[in-house]
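So this block is model_38.cif, mmCIF, C-alpha atoms (C1' of nucleotides):
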data_coords
#
loop_
_atom_site.label_atom_id
_atom_site.label_comp_id
_atom_site.auth_asym_id
_atom_site.auth_seq_id
_atom_site.Cartn_x
_atom_site.Cartn_y
_atom_site.Cartn_z
CA MET A 7 0.00 0.00 0.00
CA TYR A 8 2.65 2.49 1.08
CA ARG A 9 6.16 2.12 -0.20
CA VAL A 10 9.18 4.35 0.37
CA LEU A 11 11.16 4.82 -2.83
CA THR A 12 14.03 6.97 -1.65
CA VAL A 13 15.16 8.74 1.48
CA GLU A 14 17.31 11.82 1.88
CA GLY A 15 17.98 12.63 5.51
CA SER A 16 14.54 12.41 7.07
CA ALA A 17 12.80 13.34 3.82
CA LYS A 18 10.87 10.56 2.12
CA ARG A 19 9.79 9.98 -1.47
CA SER A 20 7.03 7.39 -1.50
CA VAL A 21 4.01 6.00 -3.29
CA PHE A 22 0.73 5.39 -1.54
CA LYS A 23 -1.68 3.07 -3.34
CA THR A 24 -5.41 3.18 -2.65
CA VAL A 25 -8.52 1.74 -4.25
CA HIS A 26 -9.03 5.12 -5.91
CA GLY A 27 -5.54 5.34 -7.33
CA THR A 28 -1.99 6.11 -6.36
CA VAL A 29 -0.71 9.17 -4.54
CA GLU A 30 2.89 10.09 -5.21
CA THR A 31 4.29 11.72 -2.09
CA PRO A 32 5.22 14.24 -0.88
CA ALA A 33 1.75 15.42 -1.90
CA PHE A 34 -0.52 18.34 -1.29
CA MET A 35 -4.26 17.71 -0.89
CA ASN A 36 -6.43 20.37 -2.49
CA VAL A 37 -9.09 21.44 -0.04
CA GLY A 38 -12.74 21.15 -1.11
CA THR A 39 -14.50 21.36 2.21
CA VAL A 40 -18.05 21.08 0.92
CA ALA A 41 -17.26 18.79 -2.03
CA ALA A 42 -16.13 21.77 -4.07
CA ILE A 43 -13.00 23.88 -4.22
CA LYS A 44 -14.25 27.33 -3.35
CA GLY A 45 -13.80 29.70 -6.24
CA ALA A 46 -15.76 27.83 -8.91
CA VAL A 47 -13.11 25.17 -9.44
CA SER A 48 -14.45 21.89 -10.81
CA SER A 49 -13.09 18.39 -10.37
CA GLU A 50 -12.12 18.55 -14.04
CA ASP A 51 -10.08 21.63 -13.27
CA LEU A 52 -8.39 19.79 -10.41
CA LYS A 53 -7.04 17.18 -12.79
CA GLU A 54 -5.65 19.86 -15.07
CA LEU A 55 -4.00 21.46 -12.03
CA GLY A 56 -2.22 18.23 -11.17
CA CYS A 57 -4.23 17.47 -8.05
CA GLN A 58 -3.73 13.88 -6.89
CA ILE A 59 -5.99 13.83 -3.85
CA GLU A 60 -8.78 16.05 -2.63
CA LEU A 61 -9.92 16.78 0.93
CA SER A 62 -13.49 17.26 2.06
CA ASN A 63 -15.04 17.78 5.46
CA THR A 64 -17.27 15.44 7.44
CA TYR A 65 -18.91 18.08 9.57
CA HIS A 66 -19.69 20.45 6.72
CA LEU A 67 -21.11 17.72 4.47
CA HIS A 68 -23.13 16.33 7.37
CA VAL A 69 -24.92 19.63 7.96
CA ARG A 70 -25.31 20.22 4.22
CA PRO A 71 -26.42 18.44 2.09
CA GLY A 72 -26.33 15.56 4.61
CA ASP A 73 -24.24 12.39 4.35
CA GLU A 74 -27.36 10.26 3.85
CA VAL A 75 -28.14 12.30 0.75
CA ILE A 76 -24.65 11.71 -0.60
CA LYS A 77 -24.85 8.00 0.16
CA LYS A 78 -28.14 7.72 -1.72
CA LEU A 79 -26.45 9.34 -4.69
CA GLY A 80 -23.68 6.77 -4.68
CA GLY A 81 -21.09 8.35 -2.40
CA LEU A 82 -18.87 11.37 -2.54
CA HIS A 83 -16.80 10.27 -5.54
CA ARG A 84 -19.84 9.88 -7.76
CA PHE A 85 -21.52 12.93 -6.23
CA MET A 86 -18.69 15.32 -7.11
CA VAL A 87 -17.50 13.33 -10.13
CA TRP A 88 -13.97 12.74 -8.86
CA ASP A 89 -12.40 9.31 -9.26
CA ARG A 90 -9.09 9.93 -7.49
CA PRO A 91 -8.49 9.61 -3.75
CA ILE A 92 -10.49 11.68 -1.28
CA LEU A 93 -9.58 12.22 2.35
CA THR A 94 -12.36 13.34 4.66
CA ASP A 95 -11.50 15.31 7.74
CA SER A 96 -13.41 13.98 10.72
CA GLY A 97 -15.09 17.08 12.06
CA GLY A 98 -12.67 17.10 14.97
CA PHE A 99 -11.14 20.37 13.89
CA GLN A 100 -14.55 22.00 14.00
CA VAL A 101 -14.53 21.28 17.72
CA PHE A 102 -11.66 23.68 17.78
CA SER A 103 -12.58 26.24 15.12
CA LEU A 104 -16.24 26.50 16.13
CA ALA A 105 -15.31 26.48 19.80
CA SER A 106 -17.93 29.00 20.85
CA LEU A 107 -20.68 26.65 19.75
CA ARG A 108 -19.69 23.34 21.35
CA LYS A 109 -19.58 21.22 24.47
CA ILE A 110 -17.07 18.35 24.72
CA LYS A 111 -17.96 15.21 26.67
CA GLU A 112 -16.53 11.71 26.88
CA GLU A 113 -19.14 10.38 24.47
CA GLY A 114 -18.45 13.10 21.90
CA VAL A 115 -19.19 16.72 21.12
CA TYR A 116 -22.41 18.70 21.11
CA PHE A 117 -22.38 21.38 18.41
CA ASN A 118 -24.74 23.99 17.20
CA SER A 119 -24.91 23.98 13.42
CA HIS A 120 -23.36 27.11 11.96
CA ILE A 121 -25.99 26.93 9.19
CA ASP A 122 -29.24 26.91 11.12
CA GLY A 123 -28.23 26.66 14.77
CA ARG A 124 -29.77 23.22 15.31
CA LYS A 125 -28.12 20.94 17.85
CA ILE A 126 -25.82 18.26 16.50
CA PHE A 127 -24.07 15.49 18.39
CA MET A 128 -20.92 13.98 16.95
CA GLY A 129 -18.77 11.34 18.56
CA PRO A 130 -16.30 8.84 17.11
CA GLU A 131 -19.06 6.49 15.95
CA GLN A 132 -21.08 9.26 14.32
CA SER A 133 -18.02 10.61 12.54
CA MET A 134 -17.18 7.16 11.19
CA GLN A 135 -20.78 6.57 10.11
CA ILE A 136 -20.84 9.87 8.25
CA GLN A 137 -17.49 9.24 6.59
CA SER A 138 -18.61 5.74 5.69
CA ASN A 139 -21.70 7.19 4.06
CA LEU A 140 -19.47 9.56 2.13
CA GLY A 141 -17.30 6.62 1.11
CA SER A 142 -14.06 8.58 1.07
CA THR A 143 -10.76 6.84 0.45
CA ILE A 144 -9.35 7.87 3.80
CA ALA A 145 -11.36 8.66 6.91
CA MET A 146 -9.73 10.69 9.63
CA ALA A 147 -10.15 9.80 13.28
CA PHE A 148 -12.44 11.95 15.36
CA ASP A 149 -10.13 13.94 17.64
CA GLU A 150 -10.00 17.06 19.72
CA CYS A 151 -7.57 19.74 18.62
CA PRO A 152 -6.73 21.61 21.82
CA SER A 153 -5.56 25.21 21.64
CA SER A 154 -1.79 25.70 21.47
CA LEU A 155 -2.28 27.88 24.55
CA ALA A 156 -4.09 25.16 26.54
CA GLU A 157 -2.79 24.20 29.97
CA ARG A 158 -0.72 21.06 30.26
CA ASP A 159 -3.28 19.27 32.43
CA TYR A 160 -6.07 19.98 29.99
CA VAL A 161 -3.98 18.81 27.03
CA HIS A 162 -3.06 15.63 28.83
CA ALA A 163 -6.67 14.77 29.56
CA SER A 164 -7.73 15.76 26.06
CA VAL A 165 -5.09 13.57 24.40
CA ASP A 166 -6.08 10.58 26.53
CA ARG A 167 -9.66 11.07 25.44
CA THR A 168 -8.56 11.38 21.80
CA THR A 169 -6.83 8.00 22.18
CA ARG A 170 -10.01 6.43 23.55
CA TRP A 171 -11.94 7.99 20.69
CA LEU A 172 -9.43 6.59 18.20
CA ILE A 173 -10.02 3.04 19.43
CA ARG A 174 -13.75 3.58 19.10
CA CYS A 175 -13.22 4.95 15.56
CA LYS A 176 -11.22 1.90 14.58
CA ASP A 177 -13.81 -0.53 15.91
CA GLU A 178 -16.70 1.33 14.37
CA LEU A 179 -15.10 1.66 10.93
CA ALA A 180 -14.23 -2.04 10.90
CA ARG A 181 -17.89 -2.77 11.59
CA LEU A 182 -19.10 -0.35 8.90
CA ASN A 183 -16.65 -1.64 6.29
CA SER A 184 -18.08 -5.13 6.72
CA LEU A 185 -21.68 -4.08 6.11
CA PRO A 186 -23.14 -5.25 2.77
CA ASP A 187 -24.28 -1.84 1.50
CA THR A 188 -21.22 0.18 2.41
CA ILE A 189 -20.00 2.60 -0.26
CA ASN A 190 -16.29 1.88 0.15
CA PRO A 191 -15.54 -1.33 2.07
CA ASP A 192 -11.80 -0.57 1.77
CA GLN A 193 -12.06 2.77 3.54
CA LEU A 194 -8.87 3.53 5.47
CA LEU A 195 -8.55 5.15 8.87
CA PHE A 196 -5.75 7.55 9.82
CA GLY A 197 -5.02 8.27 13.47
CA ILE A 198 -4.14 11.76 14.65
CA ASN A 199 -1.36 12.75 17.01
CA GLN A 200 -2.15 15.56 19.44
CA GLY A 201 -0.47 17.15 22.43
CA ALA A 202 -0.32 20.87 21.67
CA VAL A 203 3.23 22.14 22.21
CA TYR A 204 4.24 19.57 24.86
CA PRO A 205 6.77 17.24 23.19
CA ASP A 206 6.58 14.55 25.87
CA ILE A 207 2.79 14.31 25.64
CA ARG A 208 2.99 14.17 21.85
CA ILE A 209 5.71 11.50 21.86
CA GLU A 210 3.82 9.35 24.35
CA HIS A 211 0.69 9.72 22.26
CA ALA A 212 2.57 8.90 19.03
CA LYS A 213 3.84 5.67 20.57
CA THR A 214 0.39 4.73 21.82
CA ILE A 215 -1.45 5.28 18.55
CA SER A 216 1.33 3.63 16.51
CA GLU A 217 0.54 0.38 18.28
CA LEU A 218 -2.94 0.41 16.77
CA ASP A 219 -1.37 -0.39 13.39
CA LEU A 220 -3.48 1.99 11.33
CA PRO A 221 -2.73 2.56 7.61
CA GLY A 222 -1.55 6.13 8.20
CA TYR A 223 -0.96 8.79 10.83
CA ALA A 224 -1.49 12.51 10.98
CA ILE A 225 -0.06 15.23 13.15
CA GLY A 226 -2.78 17.63 14.17
CA GLY A 227 -2.95 20.72 16.29
CA LEU A 228 0.01 22.51 14.76
CA ALA A 229 0.09 25.81 12.89
CA VAL A 230 -2.67 27.12 15.09
CA GLY A 231 -0.92 30.20 16.39
CA GLU A 232 2.36 28.92 17.81
CA PRO A 233 5.64 30.26 16.31
CA ASN A 234 7.00 28.36 13.29
CA GLU A 235 10.13 27.31 15.14
CA VAL A 236 7.96 25.58 17.73
CA MET A 237 6.15 23.65 15.01
CA TYR A 238 9.42 22.56 13.39
CA ASP A 239 10.79 21.53 16.76
CA ILE A 240 7.70 19.42 17.48
CA LEU A 241 8.07 17.74 14.09
CA ASP A 242 11.74 17.00 14.74
CA ARG A 243 10.80 15.28 17.98
CA VAL A 244 7.55 13.52 17.07
CA VAL A 245 7.88 12.25 13.49
CA PRO A 246 10.56 9.69 14.50
CA TYR A 247 7.97 8.02 16.74
CA LEU A 248 5.42 7.56 13.96
CA PRO A 249 5.69 4.43 11.75
CA LYS A 250 8.10 4.96 8.86
CA ASP A 251 6.28 2.43 6.72
CA LYS A 252 3.05 4.43 6.83
CA PRO A 253 2.21 7.83 5.35
CA THR A 254 2.63 10.82 7.64
CA TYR A 255 0.16 13.65 7.15
CA LEU A 256 0.66 17.11 8.66
CA MET A 257 -2.79 18.60 8.97
CA GLY A 258 -3.55 22.11 7.85
CA VAL A 259 -0.02 23.05 6.80
CA GLY A 260 0.95 25.31 5.26
CA THR A 261 3.00 27.95 3.48
CA PRO A 262 5.45 26.83 0.78
CA VAL A 263 8.24 27.34 3.33
CA ASP A 264 6.39 25.24 5.93
CA ILE A 265 6.01 22.46 3.38
CA LEU A 266 9.71 22.42 2.45
CA GLU A 267 10.71 22.39 6.11
CA SER A 268 8.21 19.67 6.93
CA VAL A 269 9.17 17.42 4.01
CA SER A 270 12.74 17.51 5.23
CA ARG A 271 11.42 16.36 8.62
CA GLY A 272 9.64 13.33 7.14
CA VAL A 273 6.12 14.52 6.31
CA ASP A 274 4.45 12.96 3.23
CA ILE A 275 1.07 14.64 2.91
CA PHE A 276 -0.23 18.16 3.48
CA ASP A 277 -3.38 20.15 3.15
CA CYS A 278 -3.98 23.83 3.62
CA VAL A 279 -6.62 26.40 2.81
CA TYR A 280 -3.98 28.97 1.92
CA PRO A 281 -3.83 28.49 -1.84
CA SER A 282 -7.61 28.58 -2.17
CA ARG A 283 -8.59 31.07 0.50
CA ASN A 284 -5.69 33.40 -0.14
CA GLY A 285 -6.26 33.02 -3.85
CA ARG A 286 -9.81 34.29 -3.43
CA HIS A 287 -8.37 37.31 -1.67
CA GLY A 288 -5.73 38.06 -4.27
CA HIS A 289 -2.75 36.70 -2.34
CA LEU A 290 -0.85 34.77 -5.00
CA TYR A 291 2.09 32.42 -4.65
CA THR A 292 5.05 32.39 -7.03
CA HIS A 293 8.54 30.93 -6.96
CA HIS A 294 9.78 34.45 -6.25
CA GLY A 295 7.60 35.44 -3.33
CA THR A 296 3.96 36.41 -3.09
CA VAL A 297 2.03 38.83 -5.27
CA ARG A 298 -0.73 40.77 -3.53
CA LEU A 299 -2.71 41.37 -6.64
CA LEU A 300 -5.00 43.96 -5.07
CA ASN A 301 -2.07 46.30 -4.49
CA ALA A 302 -2.35 49.45 -6.57
CA LYS A 303 1.02 48.91 -8.23
CA TYR A 304 -0.44 46.11 -10.39
CA GLU A 305 -3.13 48.29 -11.92
CA LEU A 306 -1.27 48.60 -15.22
CA ASP A 307 0.86 45.44 -15.02
CA PRO A 308 0.56 43.49 -18.29
CA ARG A 309 2.60 40.50 -17.08
CA PRO A 310 1.10 37.19 -15.93
CA ILE A 311 1.01 36.51 -12.21
CA GLU A 312 4.19 34.48 -12.60
CA GLU A 313 6.40 34.59 -15.67
CA GLY A 314 6.76 31.12 -17.17
CA CYS A 315 3.86 29.63 -15.21
CA ASN A 316 1.78 27.24 -17.29
CA CYS A 317 -1.44 27.49 -15.29
CA PRO A 318 -4.75 28.35 -16.99
CA CYS A 319 -4.54 31.88 -15.60
CA CYS A 320 -0.93 32.73 -16.43
CA ARG A 321 -1.12 31.24 -19.91
CA LYS A 322 -3.51 34.00 -20.97
CA TYR A 323 -4.25 36.76 -18.52
CA SER A 324 -2.43 39.80 -17.15
CA ARG A 325 -2.10 40.89 -13.55
CA ALA A 326 -3.97 44.05 -14.49
CA TYR A 327 -6.96 42.12 -15.84
CA VAL A 328 -7.19 39.64 -12.99
CA ARG A 329 -6.78 42.47 -10.49
CA HIS A 330 -9.65 44.29 -12.14
CA LEU A 331 -11.82 41.17 -11.88
CA LEU A 332 -11.07 40.86 -8.16
CA LYS A 333 -11.80 44.53 -7.59
CA ALA A 334 -15.09 44.14 -9.41
CA LYS A 335 -15.78 41.01 -7.32
CA GLU A 336 -16.26 38.97 -10.47
CA MET A 337 -16.28 35.23 -9.84
CA LEU A 338 -13.80 34.76 -12.67
CA GLY A 339 -11.20 36.74 -10.75
CA MET A 340 -11.36 34.39 -7.76
CA ARG A 341 -11.42 31.38 -10.01
CA LEU A 342 -8.31 32.36 -11.95
CA CYS A 343 -6.43 33.17 -8.74
CA VAL A 344 -7.36 29.88 -7.10
CA LEU A 345 -6.40 27.99 -10.26
CA HIS A 346 -2.99 29.65 -10.19
CA ASN A 347 -2.36 28.99 -6.52
CA LEU A 348 -3.39 25.35 -6.65
CA TYR A 349 -1.32 24.84 -9.77
CA PHE A 350 1.60 26.44 -7.96
CA TYR A 351 1.22 24.18 -4.91
CA ASN A 352 0.84 21.01 -6.97
CA ARG A 353 3.82 21.99 -9.09
CA LEU A 354 5.90 22.73 -6.00
CA MET A 355 5.16 19.21 -4.76
CA GLN A 356 6.15 17.80 -8.15
CA GLU A 357 9.43 19.72 -7.96
CA ILE A 358 10.02 18.37 -4.46
CA ARG A 359 9.39 14.80 -5.66
CA ASP A 360 11.70 15.31 -8.63
CA ALA A 361 14.43 16.61 -6.34
CA LEU A 362 14.04 13.59 -4.06
CA ASP A 363 14.11 11.25 -7.06
CA ASN A 364 17.34 12.88 -8.12
CA GLY A 365 18.81 12.81 -4.63
CA CYS A 366 19.21 16.58 -4.49
CA PHE A 367 16.39 17.64 -2.18
CA GLU A 368 18.55 19.56 0.30
CA SER A 369 20.13 21.75 -2.36
CA PHE A 370 16.75 22.19 -4.05
CA LYS A 371 15.27 23.24 -0.73
CA ARG A 372 18.02 25.79 -0.07
CA GLY A 373 17.56 27.32 -3.50
CA MET A 374 13.78 27.38 -3.21
CA LEU A 375 13.83 28.98 0.24
CA ALA A 376 16.06 31.74 -1.10
CA SER A 377 13.84 32.20 -4.14
CA LEU A 378 10.61 32.25 -2.11
CA ALA A 379 12.08 34.94 0.13
CA GLU A 380 12.53 37.28 -2.83
CA ASP A 381 10.47 40.40 -2.73
CA ASN A 382 8.66 40.14 -6.05
CA GLU A 383 8.38 43.91 -6.02
CA LYS A 384 9.68 44.47 -9.53
"C1'" G W 13 -41.41 83.26 -10.07
"C1'" U W 14 -43.39 81.94 -4.81
"C1'" G W 15 -43.00 78.82 -0.41
"C1'" G W 16 -40.25 75.06 2.10
"C1'" G W 17 -36.01 71.59 2.79
"C1'" U W 18 -30.83 70.41 2.27
"C1'" A W 19 -25.47 71.86 1.77
"C1'" U W 20 -19.95 68.06 6.63
"C1'" G W 21 -13.33 63.77 3.38
"C1'" G W 22 -14.58 60.05 -3.49
"C1'" C W 23 -20.05 58.42 -2.26
"C1'" G W 24 -23.94 58.08 1.65
"C1'" C W 25 -24.67 60.07 6.32
"C1'" A W 26 -24.06 61.33 12.39
"C1'" G W 27 -22.99 65.47 14.90
"C1'" U W 28 -26.94 66.03 21.55
"C1'" U W 29 -29.66 72.77 24.65
"C1'" G W 30 -23.14 76.61 20.52
"C1'" G W 31 -17.53 74.01 24.27
"C1'" C W 32 -11.30 70.23 24.17
"C1'" U W 33 -7.11 67.35 18.30
"C1'" A W 34 -15.20 66.89 13.66
"C1'" G W 35 -17.12 61.12 13.78
"C1'" C W 36 -19.47 56.56 11.17
"C1'" G W 37 -20.48 53.17 6.91
"C1'" C W 38 -18.87 52.15 1.99
"C1'" G W 39 -14.79 53.10 -1.16
"C1'" C W 40 -9.40 53.87 -1.33
"C1'" C W 41 -4.12 52.44 0.60
"C1'" A W 42 -1.34 48.73 3.38
"C1'" G W 43 -0.96 44.23 6.54
"C1'" A W 44 -2.80 39.67 8.83
"C1'" U W 45 -5.11 34.80 7.73
"C1'" U W 46 -2.29 27.32 8.24
"C1'" G W 47 -7.55 19.82 9.24
"C1'" U W 48 -12.09 27.12 4.88
"C1'" G W 49 -18.80 30.15 7.47
"C1'" G W 50 -16.97 33.20 -0.57
"C1'" C W 51 -15.16 35.47 5.53
"C1'" U W 52 -13.12 38.11 9.39
"C1'" C W 53 -9.60 41.15 11.70
"C1'" U W 54 -5.70 45.15 12.20
"C1'" G W 55 -3.59 49.62 10.77
"C1'" G W 56 -3.38 54.12 7.37
"C1'" A W 57 -4.35 58.32 3.98
"C1'" G W 58 -8.08 61.81 2.91
"C1'" G W 59 -12.35 67.29 5.41
"C1'" C W 60 -10.25 75.67 5.07
"C1'" C W 61 -17.89 71.47 7.90
"C1'" G W 62 -21.18 75.40 0.12
"C1'" U W 63 -19.36 81.05 -0.15
"C1'" G W 64 -19.11 85.82 2.32
"C1'" G W 65 -20.40 88.57 6.51
"C1'" G W 66 -22.35 88.87 11.66
"C1'" U W 67 -23.50 87.45 17.13
"C1'" U W 68 -20.27 85.18 21.05
"C1'" C W 69 -14.77 84.20 25.34
"C1'" G W 70 -15.84 80.27 21.74
"C1'" A W 71 -19.81 78.62 15.61
"C1'" G W 72 -20.36 72.34 11.84
"C1'" U W 73 -24.23 74.02 15.38
"C1'" C W 74 -27.42 80.76 16.11
"C1'" C W 75 -28.52 85.29 12.55
"C1'" C W 76 -28.18 87.73 7.44
"C1'" A W 77 -26.95 87.63 2.29
"C1'" C W 78 -25.35 84.90 -1.80
"C1'" U W 79 -24.61 80.27 -4.58
"C1'" A W 80 -25.94 75.21 -5.62
"C1'" U W 81 -29.47 71.46 -5.32
"C1'" C W 82 -34.26 68.97 -4.12
"C1'" C W 83 -39.69 69.17 -3.28
"C1'" A W 84 -44.43 71.58 -3.65
"C1'" C W 85 -47.37 75.40 -5.87
"C1'" C W 86 -48.38 79.13 -9.72
#
Once more with this new file: its structure as structure tokens, please.
Amino acid sequence: MYRVLTVEGSAKRSVFKTVHGTVETPAFMNVGTVAAIKGAVSSEDLKELGCQIELSNTYHLHVRPGDEVIKKLGGLHRFMVWDRPILTDSGGFQVFSLASLRKIKEEGVYFNSHIDGRKIFMGPEQSMQIQSNLGSTIAMAFDECPSSLAERDYVHASVDRTTRWLIRCKDELARLNSLPDTINPDQLLFGINQGAVYPDIRIEHAKTISELDLPGYAIGGLAVGEPNEVMYDILDRVVPYLPKDKPTYLMGVGTPVDILESVSRGVDIFDCVYPSRNGRHGHLYTHHGTVRLLNAKYELDPRPIEEGCNCPCCRKYSRAYVRHLLKAKEMLGMRLCVLHNLYFYNRLMQEIRDALDNGCFESFKRGMLASLAEDNEK
RNA sequence: GUGGGUAUGGCGCAGUUGGCUAGCGCGCCAGAUUGUGGCUCUGGAGGCCGUGGGUUCGAGUCCCACUAUCCACC
């Protein structure tokens, strides 16, 4: 299923085979929370952008349109017409991001829907049932993502509960996968490491969940406000305790720099809203730093967002035109910007894989870090 | 032409019985944003308060004239 091809330091170049196709890693998952990449990007577009695997969200699809609806329509792949791998986030992060609307108990979490305010209960079993109805390739464990500022005692108790939840997730998914009418009987479960910024709690947790022999492991609860150096330090300490023969997924990360630094620390898979959300807001990534397209200095700029970029936006359109579209709040402006950013991220991952294949990742990384730090003011 | 209303940053407006460096929304300029509520947040620039007189210790606020504009009526 998962095979390491080459290693350079802690960096890994691997292939991860699933029933929905192979993911070449290091890989970036393009984020389509509600079974769509925001910004009018279709699943056809995703293929053109080089997307290998897409991420959707359990909580959001549960509240709308409802996982039962998607199951009746044949599962998420058929629903959104995407035949490559899909990872569904468990809803655990919403415990954290919608914190003002929730109550956490041993059995699970009581939410208020952000759509209509109605009460929702989600525990490990519910999350697995929803993800089973969606039929994603990879289901994520239902976890709690404690604040990076949380007290040590709280984090300790939270992580213990997350472990108990993980065992319940594993049991429940095994049961669901064996049911006759299940959408994807080969659905995989990834466990999630937590522990905020306490290395000893994280390491202990990593050891514990590794023993459950799941097909993959994620590191959650990072890049939520703590300094970058802290995140890198946690990765240095924790990744060695996760199985090397399984994919390692760093949740919610990150900037191009974060990705380079994390690959060199052994991470295989990433996801982040940056390319899509920032794209919608005119914050564009290039190999030579970011372009804030809404800045006045681009008003008359006839160049593409990035010279030499082969994305659907850069092949045709000028900064001036796309800037105008964003200013006018035309959907096309967002779309073109998101297309560029996702193309950039997917291409960056391809470049990382090529460098690993050629055994020159460290020098590639040094050069790319220098290039990304350029001002792009010209 | 007559009567009445209104004139405050690019636009739309607040400005209490006249009282310290005239506010707000949008827009504009710049910055944040890491398992996405097509958001949200943080800064910044920009105003001789229509013009000219007057009353007062002090006027965006009161008085007069003028100009512009809106409404009603001949």
Contacts of Glu14 of chain A at 9 Å or less, counting all atoms listed in the file, minus same-chain residues fewer than 5 places along, as a ChimeraX atom specification?
/A:19,270,362,365-368
Do you have, as JSON lines, the list of residues of chain W lying at most 10 Å from chain A, each with its nearest atom pair and that distance in Å to one decimal, counting all atoms listed in the file and ordered by chain then number?
{"residue": "W:C40", "atom": "C1'", "partner": "A:Ala302", "partner_atom": "CA", "distance": 9.8}
{"residue": "W:C41", "atom": "C1'", "partner": "A:Ala302", "partner_atom": "CA", "distance": 8.0}
{"residue": "W:A42", "atom": "C1'", "partner": "A:Asn301", "partner_atom": "CA", "distance": 8.3}
{"residue": "W:U45", "atom": "C1'", "partner": "A:Asn284", "partner_atom": "CA", "distance": 8.0}
{"residue": "W:U46", "atom": "C1'", "partner": "A:Gly260", "partner_atom": "CA", "distance": 4.8}
{"residue": "W:G47", "atom": "C1'", "partner": "A:Gly258", "partner_atom": "CA", "distance": 4.8}
{"residue": "W:U48", "atom": "C1'", "partner": "A:Val279", "partner_atom": "CA", "distance": 5.9}
{"residue": "W:G49", "atom": "C1'", "partner": "A:His120", "partner_atom": "CA", "distance": 7.1}
{"residue": "W:G50", "atom": "C1'", "partner": "A:Lys44", "partner_atom": "CA", "distance": 7.0}
{"residue": "W:C51", "atom": "C1'", "partner": "A:Arg283", "partner_atom": "CA", "distance": 9.4}
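Proximity of A:Lys109, A:His211, A:Arg309, A:Lys78 to Tyr223 of chain A, computed with only C-alpha atoms, is greatest for A:His211.
Residues with any atom within 12 Å of U14 of chain W, counting all atoms listed in the file and excluding same-chain neighbours fewer than 6 positions away, are A84, C85 and C86 of chain W.
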Care to translate the PyMOL selection byres ((chain W and resi 79) around 12) into actual residues of this file, as a PyMOL selection string?
chain W and resi 19+62-64+77-78+80-81
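Note that the spacing between atom CA of Cys319 of chain A and atom CA of Cys343 of chain A amounts to 7.2 Å.
Counting only C-alpha atoms and comparing A:Met35, A:Met134, A:Cys175, A:Ile215, the residue that lies closest to Ile59 of chain A is A:Met35.
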Determine, counting all atoms listed in the file, which protein, DNA and RNA residues have an atom within 7 Å of an atom of segment 142-145 of chain A; residues of the same chain fewer than 3 positions away are not included. Present the result as a PyMOL selection string.
chain A and resi 26+82+91-96+137+193-196
